[in-house]
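See below for upload27.txt, which holds compact mmCIF, C-alpha atoms.
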# COMPACT_ATOMS: atom_id res chain seq x y z
CA MET Q 1 81.49 -30.33 -152.66
CA ARG Q 2 77.75 -30.78 -153.23
CA SER Q 3 76.99 -29.81 -149.63
CA PHE Q 4 79.31 -26.83 -149.88
CA LEU Q 5 77.56 -25.55 -153.02
CA ALA Q 6 74.11 -26.19 -151.54
CA ILE Q 7 74.88 -24.12 -148.42
CA ASN Q 8 76.37 -21.41 -150.59
CA LYS Q 9 73.42 -21.24 -152.96
CA ARG Q 10 70.88 -21.18 -150.14
CA ASN Q 11 72.54 -18.35 -148.24
CA LEU Q 12 73.18 -16.19 -151.30
CA GLY Q 13 69.56 -16.62 -152.37
CA LEU Q 14 68.28 -15.58 -148.94
CA TYR Q 15 70.50 -12.49 -148.88
CA PHE Q 16 69.74 -11.12 -152.34
CA ARG Q 17 66.01 -11.77 -151.97
CA ASP Q 18 65.98 -9.52 -148.91
CA TYR Q 19 66.16 -6.11 -150.60
CA SER Q 20 66.12 -4.22 -147.32
CA ALA Q 21 69.21 -6.12 -146.13
CA VAL Q 22 71.03 -5.30 -149.37
CA PHE Q 23 70.08 -1.63 -149.07
CA PHE Q 24 71.06 -1.24 -145.43
CA SER Q 25 74.33 -3.07 -146.00
CA LEU Q 26 75.18 -0.31 -148.48
CA LEU Q 27 73.80 2.48 -146.30
CA SER Q 28 77.19 3.21 -144.73
CA MET Q 29 78.66 3.67 -148.19
CA LEU Q 30 75.90 6.13 -149.13
CA ILE Q 31 76.32 8.09 -145.89
CA ILE Q 32 80.10 8.36 -146.26
CA ILE Q 33 79.78 9.40 -149.92
CA MET Q 34 77.50 12.22 -148.80
CA LEU Q 35 79.95 13.18 -146.06
CA MET Q 36 82.74 13.07 -148.61
CA VAL Q 37 80.89 15.36 -151.00
CA PHE Q 38 80.01 17.95 -148.36
CA PHE Q 39 82.65 17.63 -145.60
CA LEU Q 40 85.45 15.06 -145.84
CA GLY Q 41 86.64 15.81 -149.35
CA ASP Q 42 88.66 18.91 -148.36
CA MET Q 43 89.81 17.61 -144.97
CA ASN Q 44 93.45 16.98 -145.89
CA ASN Q 45 93.83 19.36 -148.82
CA SER Q 46 95.29 22.35 -147.03
CA SER Q 47 97.96 20.45 -145.10
CA ILE Q 48 99.19 18.60 -148.21
CA LEU Q 49 99.16 21.80 -150.25
CA ASP Q 50 101.21 23.55 -147.57
CA ALA Q 51 103.77 20.75 -147.77
CA ILE Q 52 103.98 21.07 -151.56
CA LYS Q 53 104.40 24.86 -151.31
CA MET Q 54 107.66 24.29 -149.47
CA VAL Q 55 109.12 23.47 -152.90
CA PRO Q 56 109.78 26.66 -154.94
CA GLY Q 57 107.41 27.04 -157.86
CA ARG Q 58 104.95 24.42 -156.61
CA GLY Q 59 101.51 24.68 -155.02
CA GLY Q 60 99.64 26.15 -157.97
CA ASP Q 61 96.22 25.29 -159.37
CA SER Q 62 97.37 22.05 -161.00
CA ASP Q 63 98.77 20.79 -157.69
CA ALA Q 64 95.57 21.82 -155.92
CA VAL Q 65 93.51 19.75 -158.37
CA LEU Q 66 95.74 16.69 -157.86
CA ILE Q 67 95.47 17.05 -154.09
CA GLU Q 68 91.68 17.30 -154.29
CA GLN Q 69 91.60 14.09 -156.32
CA MET Q 70 93.93 12.40 -153.83
CA SER Q 71 91.63 13.32 -150.94
CA PHE Q 72 88.68 11.91 -152.85
CA LEU Q 73 90.42 8.56 -153.46
CA TRP Q 74 91.69 8.56 -149.87
CA VAL Q 75 88.11 8.53 -148.60
CA CYS Q 76 86.99 6.05 -151.28
CA ALA Q 77 89.60 3.57 -150.05
CA GLY Q 78 88.12 3.73 -146.57
CA ILE Q 79 84.63 3.19 -147.98
CA LEU Q 80 85.72 -0.10 -149.55
CA THR Q 81 86.95 -1.35 -146.17
CA ILE Q 82 83.79 -0.34 -144.32
CA ASN Q 83 81.63 -1.77 -147.10
CA ALA Q 84 83.24 -5.20 -146.70
CA SER Q 85 82.39 -5.27 -142.99
CA THR Q 86 78.82 -3.97 -143.28
CA VAL Q 87 77.84 -6.21 -146.22
CA THR Q 88 79.13 -9.38 -144.56
CA HIS Q 89 77.39 -8.35 -141.32
CA ALA Q 90 74.10 -7.97 -143.19
CA PHE Q 91 74.66 -11.30 -144.95
CA TYR Q 92 74.84 -13.20 -141.68
CA SER Q 93 71.54 -11.72 -140.48
CA ASN Q 94 69.89 -14.75 -142.09
CA MET Q 95 72.08 -17.03 -139.98
CA ILE Q 96 70.75 -15.29 -136.86
CA LYS Q 97 67.22 -15.74 -138.19
CA ASP Q 98 67.97 -19.43 -138.75
CA ARG Q 99 69.06 -19.73 -135.13
CA THR Q 100 66.03 -17.93 -133.67
CA GLY Q 101 63.75 -19.97 -135.96
CA ASN Q 102 65.45 -23.24 -134.87
CA ARG Q 103 66.57 -23.92 -138.45
CA LEU Q 104 70.29 -23.65 -137.72
CA ASN Q 105 70.30 -26.76 -135.51
CA SER Q 106 68.74 -28.69 -138.38
CA LEU Q 107 71.47 -27.50 -140.71
CA LEU Q 108 74.15 -28.47 -138.19
CA THR Q 109 72.81 -32.03 -138.04
CA MET Q 110 73.51 -32.54 -141.74
CA PRO Q 111 76.26 -35.10 -142.49
CA VAL Q 112 78.67 -32.30 -143.34
CA LYS Q 113 82.07 -31.75 -141.78
CA LYS Q 114 82.32 -28.58 -139.73
CA PRO Q 115 85.05 -26.97 -141.89
CA VAL Q 116 82.83 -27.47 -144.96
CA PHE Q 117 79.86 -25.94 -143.14
CA VAL Q 118 81.95 -22.96 -142.04
CA LEU Q 119 83.45 -22.42 -145.49
CA GLY Q 120 79.99 -22.72 -147.06
CA TYR Q 121 78.77 -19.75 -145.03
CA VAL Q 122 82.02 -17.77 -145.24
CA SER Q 123 82.32 -18.18 -149.01
CA GLY Q 124 78.72 -17.03 -149.47
CA ALA Q 125 79.38 -13.89 -147.44
CA TRP Q 126 82.63 -13.44 -149.36
CA LEU Q 127 80.89 -13.60 -152.74
CA ALA Q 128 78.20 -11.14 -151.63
CA GLY Q 129 80.82 -8.80 -150.18
CA VAL Q 130 83.02 -8.92 -153.28
CA LEU Q 131 80.08 -8.17 -155.57
CA MET Q 132 78.86 -5.24 -153.47
CA SER Q 133 82.40 -3.89 -153.07
CA ILE Q 134 82.89 -3.94 -156.84
CA ILE Q 135 79.65 -2.00 -157.22
CA THR Q 136 80.82 0.44 -154.55
CA PHE Q 137 84.16 0.93 -156.27
CA ALA Q 138 82.46 1.44 -159.64
CA VAL Q 139 80.15 4.08 -158.15
CA THR Q 140 82.99 5.99 -156.49
CA GLU Q 141 85.13 5.86 -159.64
CA VAL Q 142 82.26 7.19 -161.74
CA ILE Q 143 81.86 10.04 -159.25
CA GLY Q 144 85.60 10.71 -159.48
CA VAL Q 145 85.53 10.78 -163.30
CA CYS Q 146 82.58 13.19 -163.14
CA LYS Q 147 84.73 15.40 -160.89
CA GLY Q 148 87.47 15.43 -163.56
CA MET Q 149 89.65 12.55 -162.38
CA ALA Q 150 91.21 10.20 -164.94
CA VAL Q 151 90.22 6.52 -164.90
CA LEU Q 152 92.66 4.50 -162.82
CA PRO Q 153 95.20 2.40 -164.78
CA PHE Q 154 94.41 -1.23 -165.60
CA ASP Q 155 97.10 -2.64 -163.28
CA VAL Q 156 95.64 -0.62 -160.41
CA HIS Q 157 92.21 -2.14 -161.09
CA VAL Q 158 93.69 -5.65 -161.03
CA LYS Q 159 95.42 -5.02 -157.70
CA LEU Q 160 92.25 -3.52 -156.25
CA MET Q 161 90.18 -6.55 -157.30
CA LEU Q 162 92.61 -8.88 -155.55
CA LEU Q 163 92.57 -6.69 -152.46
CA ILE Q 164 88.76 -6.55 -152.47
CA MET Q 165 88.74 -10.36 -152.45
CA LEU Q 166 91.20 -10.50 -149.55
CA ASN Q 167 89.45 -7.80 -147.54
CA ASN Q 168 86.04 -9.45 -147.85
CA PHE Q 169 87.52 -12.82 -146.88
CA VAL Q 170 88.73 -11.32 -143.60
CA TYR Q 171 85.38 -9.81 -142.62
CA SER Q 172 83.44 -12.85 -143.79
CA ALA Q 173 85.47 -14.93 -141.34
CA ILE Q 174 85.18 -12.40 -138.50
CA MET Q 175 81.43 -11.94 -138.89
CA PHE Q 176 80.83 -15.68 -139.07
CA LEU Q 177 82.39 -16.21 -135.66
CA LEU Q 178 80.31 -13.37 -134.21
CA ALA Q 179 77.19 -14.85 -135.84
CA THR Q 180 77.85 -18.23 -134.23
CA ILE Q 181 78.11 -16.59 -130.80
CA ILE Q 182 75.30 -14.02 -130.95
CA LYS Q 183 71.97 -15.57 -130.04
CA SER Q 184 69.36 -12.92 -130.87
CA GLN Q 185 68.38 -10.63 -133.72
CA SER Q 186 68.40 -7.54 -131.49
CA ALA Q 187 71.94 -8.24 -130.32
CA TRP Q 188 73.07 -8.72 -133.92
CA SER Q 189 71.46 -5.42 -134.89
CA GLY Q 190 73.30 -3.79 -132.00
CA ILE Q 191 76.57 -5.18 -133.35
CA GLY Q 192 75.73 -3.59 -136.69
CA ILE Q 193 75.16 -0.18 -135.10
CA ILE Q 194 78.47 -0.37 -133.24
CA LEU Q 195 80.24 -1.57 -136.37
CA GLY Q 196 78.90 1.26 -138.49
CA THR Q 197 79.90 3.79 -135.86
CA LEU Q 198 83.42 2.58 -135.16
CA ALA Q 199 84.51 1.21 -138.55
CA GLY Q 200 85.03 4.69 -139.98
CA PHE Q 201 87.16 5.66 -137.01
CA PHE Q 202 89.24 2.47 -136.86
CA GLY Q 203 89.63 2.62 -140.64
CA GLY Q 204 91.15 6.08 -140.38
CA ILE Q 205 88.46 7.74 -142.50
CA TYR Q 206 87.20 10.48 -140.22
CA PHE Q 207 90.62 11.27 -138.79
CA PRO Q 208 93.94 10.58 -140.55
CA MET Q 209 96.59 8.72 -138.56
CA GLY Q 210 98.74 11.83 -138.28
CA SER Q 211 96.07 13.64 -136.27
CA MET Q 212 95.72 10.82 -133.69
CA SER Q 213 97.67 10.50 -130.47
CA SER Q 214 100.20 7.69 -130.17
CA THR Q 215 97.79 5.84 -127.86
CA MET Q 216 94.92 6.03 -130.35
CA GLN Q 217 97.22 4.97 -133.19
CA PHE Q 218 98.13 1.88 -131.16
CA VAL Q 219 94.44 1.09 -130.54
CA VAL Q 220 93.57 1.52 -134.23
CA LYS Q 221 96.36 -0.88 -135.23
CA CYS Q 222 94.82 -3.57 -133.03
CA PHE Q 223 91.93 -3.87 -135.50
CA PRO Q 224 92.11 -5.06 -139.12
CA PHE Q 225 90.29 -2.04 -140.58
CA ILE Q 226 93.36 0.18 -140.85
CA TYR Q 227 95.47 -2.45 -142.65
CA GLY Q 228 92.92 -2.95 -145.44
CA THR Q 229 92.35 0.80 -145.73
CA SER Q 230 96.10 1.45 -145.89
CA LEU Q 231 96.51 -1.12 -148.67
CA PHE Q 232 93.66 0.36 -150.70
CA ARG Q 233 95.02 3.88 -150.30
CA LYS Q 234 98.57 2.95 -151.22
CA ILE Q 235 97.37 1.33 -154.45
CA MET Q 236 94.69 3.85 -155.43
CA LEU Q 237 96.73 6.97 -154.76
CA ALA Q 238 100.02 5.77 -156.25
CA PRO Q 239 99.48 7.20 -159.79
CA LEU Q 240 98.43 10.62 -158.48
CA GLU Q 241 101.23 10.70 -155.92
CA THR Q 242 103.83 9.92 -158.58
CA THR Q 243 102.68 12.98 -160.52
CA LEU Q 244 102.18 15.27 -157.52
CA PHE Q 245 105.48 14.56 -155.80
CA SER Q 246 107.57 14.56 -158.97
CA GLY Q 247 110.49 16.94 -158.46
CA THR Q 248 109.95 17.26 -154.70
CA PRO Q 249 112.21 15.94 -151.92
CA LYS Q 250 111.47 12.31 -151.07
CA ILE Q 251 110.86 13.20 -147.42
CA ILE Q 252 107.70 15.16 -148.32
CA ARG Q 253 105.98 12.12 -149.82
CA GLN Q 254 107.15 9.93 -146.93
CA GLU Q 255 105.71 12.31 -144.34
CA VAL Q 256 102.43 12.72 -146.21
CA ASP Q 257 102.05 8.94 -146.58
CA LYS Q 258 102.74 8.48 -142.88
CA ALA Q 259 100.33 11.21 -141.77
CA MET Q 260 97.53 9.94 -144.03
CA GLY Q 261 97.90 6.32 -142.91
CA MET Q 262 99.20 4.94 -146.20
CA ASP Q 263 102.42 3.92 -144.49
CA LEU Q 264 101.99 2.13 -141.16
CA PHE Q 265 104.64 1.58 -138.52
CA LEU Q 266 104.90 -1.06 -135.81
CA GLY Q 267 107.25 0.58 -133.36
CA ASN Q 268 109.98 2.17 -135.45
CA SER Q 269 109.68 -0.34 -138.28
CA GLN Q 270 107.62 0.45 -141.36
CA LEU Q 271 105.16 -2.28 -142.26
CA SER Q 272 105.50 -3.39 -145.87
CA GLN Q 273 102.58 -4.04 -148.21
CA TYR Q 274 103.22 -7.77 -147.90
CA GLY Q 275 103.23 -7.38 -144.13
CA LYS Q 276 99.77 -5.81 -144.20
CA VAL Q 277 98.51 -8.57 -146.48
CA GLY Q 278 100.00 -11.16 -144.14
CA ILE Q 279 98.23 -9.66 -141.14
CA LEU Q 280 94.87 -9.74 -142.95
CA VAL Q 281 95.37 -13.34 -144.12
CA LEU Q 282 96.35 -14.39 -140.60
CA VAL Q 283 93.28 -12.70 -139.10
CA GLY Q 284 90.96 -14.41 -141.61
CA LEU Q 285 92.43 -17.88 -141.11
CA THR Q 286 92.43 -17.46 -137.32
CA PHE Q 287 88.73 -16.60 -137.24
CA ILE Q 288 87.85 -19.54 -139.51
CA ALA Q 289 89.74 -21.87 -137.17
CA LEU Q 290 88.04 -20.36 -134.11
CA SER Q 291 84.61 -20.71 -135.75
CA THR Q 292 85.25 -24.36 -136.57
CA MET Q 293 86.37 -25.06 -133.01
CA TYR Q 294 83.41 -23.21 -131.52
CA LEU Q 295 80.89 -25.11 -133.63
CA SER Q 296 82.49 -28.44 -132.72
CA ILE Q 297 82.42 -27.60 -129.00
CA SER Q 298 78.83 -26.33 -129.21
CA LYS Q 299 77.67 -29.53 -130.90
CA LYS Q 300 79.24 -31.65 -128.16
CA LYS Q 301 77.55 -29.56 -125.49
CA ASP Q 302 74.20 -30.00 -127.20
CA ARG Q 303 74.44 -33.78 -127.06

Mind turning this structure into structure tokens?
Amino acid sequence: MRSFLAINKRNLGLYFRDYSAVFFSLLSMLIIIMLMVFFLGDMNNSSILDAIKMVPGRGGDSDAVLIEQMSFLWVCAGILTINASTVTHAFYSNMIKDRTGNRLNSLLTMPVKKPVFVLGYVSGAWLAGVLMSIITFAVTEVIGVCKGMAVLPFDVHVKLMLLIMLNNFVYSAIMFLLATIIKSQSAWSGIGIILGTLAGFFGGIYFPMGSMSSTMQFVVKCFPFIYGTSLFRKIMLAPLETTLFSGTPKIIRQEVDKAMGMDLFLGNSQLSQYGKVGILVLVGLTFIALSTMYLSISKKKDR
């Protein structure tokens, strides 16, 4: 336990002392917020409003306001997923620096079991990611309240906190394995550029699932981004959807949820919320196991 806490404390200290790393790990959030304010906010409004207008007497100003708020939260949910991946990526930059500065080999020679070493790094990235994700969520909710949206209910906040913890666990594990494989700072920076470019697409932020071809939907479902984003959206939008779709045929809400990626399907079977959680947990545990195996093999090769 002492070794675990020591590794954790060291890595967290290195990350938060590097102000540029903290800033650039949040840069994707800032960019997407700007896109949301000027471009993405109204992306889905017209199609949802057209669906609501199919019900006699619906589609007025009050419905338009609810739909605008839904679109805002829809994008915010994607930001939380991207933020988890970019923050944990930035956190492990110090691990790459340790490798290039020949400090990582010294750390690996400590009398610490490999699972403890892995969990020491992963938990540090997880804590940093959770903290930054909470800040991100707070910022987006304040923006939403300023735009006239009501504060989300307490039970929604609790569910979101748990999901933030799970989501950051997944990307902490994924990024750790990549950090153990990547050998140079330039290559790690390249991974960050690719991640920032593709995360928004694979998370279904720039294009909703309903606008993608069946082939692209299959590709997107091969990455964990869409499962976390779908979970966030289902939880965050539930209160507004309950109000908006009150008195409308059930099929309208089902089709909207499917088109906007809140409901995911594997084949013809709809994936439950627990199914999405299970996929994320499985991905996280798999990458921790792979990282432990890789470090053990690497140490034997170095002997």

> Between CA of Ile143 (chain Q) and CA of Met161 (chain Q), what is the spacing in Å?
Replying inline: 18.7 Å

> Which value, in Å to one decimal, gives the distance between CA of Lys276 (chain Q) and CA of Tyr171 (chain Q)?
Replying inline: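 Going from CA of Lys276 (chain Q) over to CA of Tyr171 (chain Q), I get 15.0 Å.
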
> Quick one: of Q:Lys159, Q:Lys53, Q:Lys147, Q:His89, who's nearest to Ile252 (chain Q), counting all atoms listed in the file?
Replying inline: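 Distance minimum relative to Ile252 (chain Q) lands on Q:Lys53.
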
> Pick from Q:Pro208, Q:Asp63, Q:Ile135, Q:Phe218: nearest to Ser246 (chain Q), with all atoms listed in the file counted?
Replying inline: Q:Asp63

> So, counting only C-alpha atoms, which residue among Q:Leu231, Q:Asp18, Q:Thr180, Q:Val75 is closest to Thr140 (chain Q)?
Replying inline: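 Result for the nearest residue to Thr140 (chain Q): Q:Val75.
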
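Between Phe176 (chain Q) and the residues Q:Gly190, Q:Gly210, Q:Gly124, Q:Gly60, the shortest atom-to-atom distance, using all atoms listed in the file, involves Q:Gly124.
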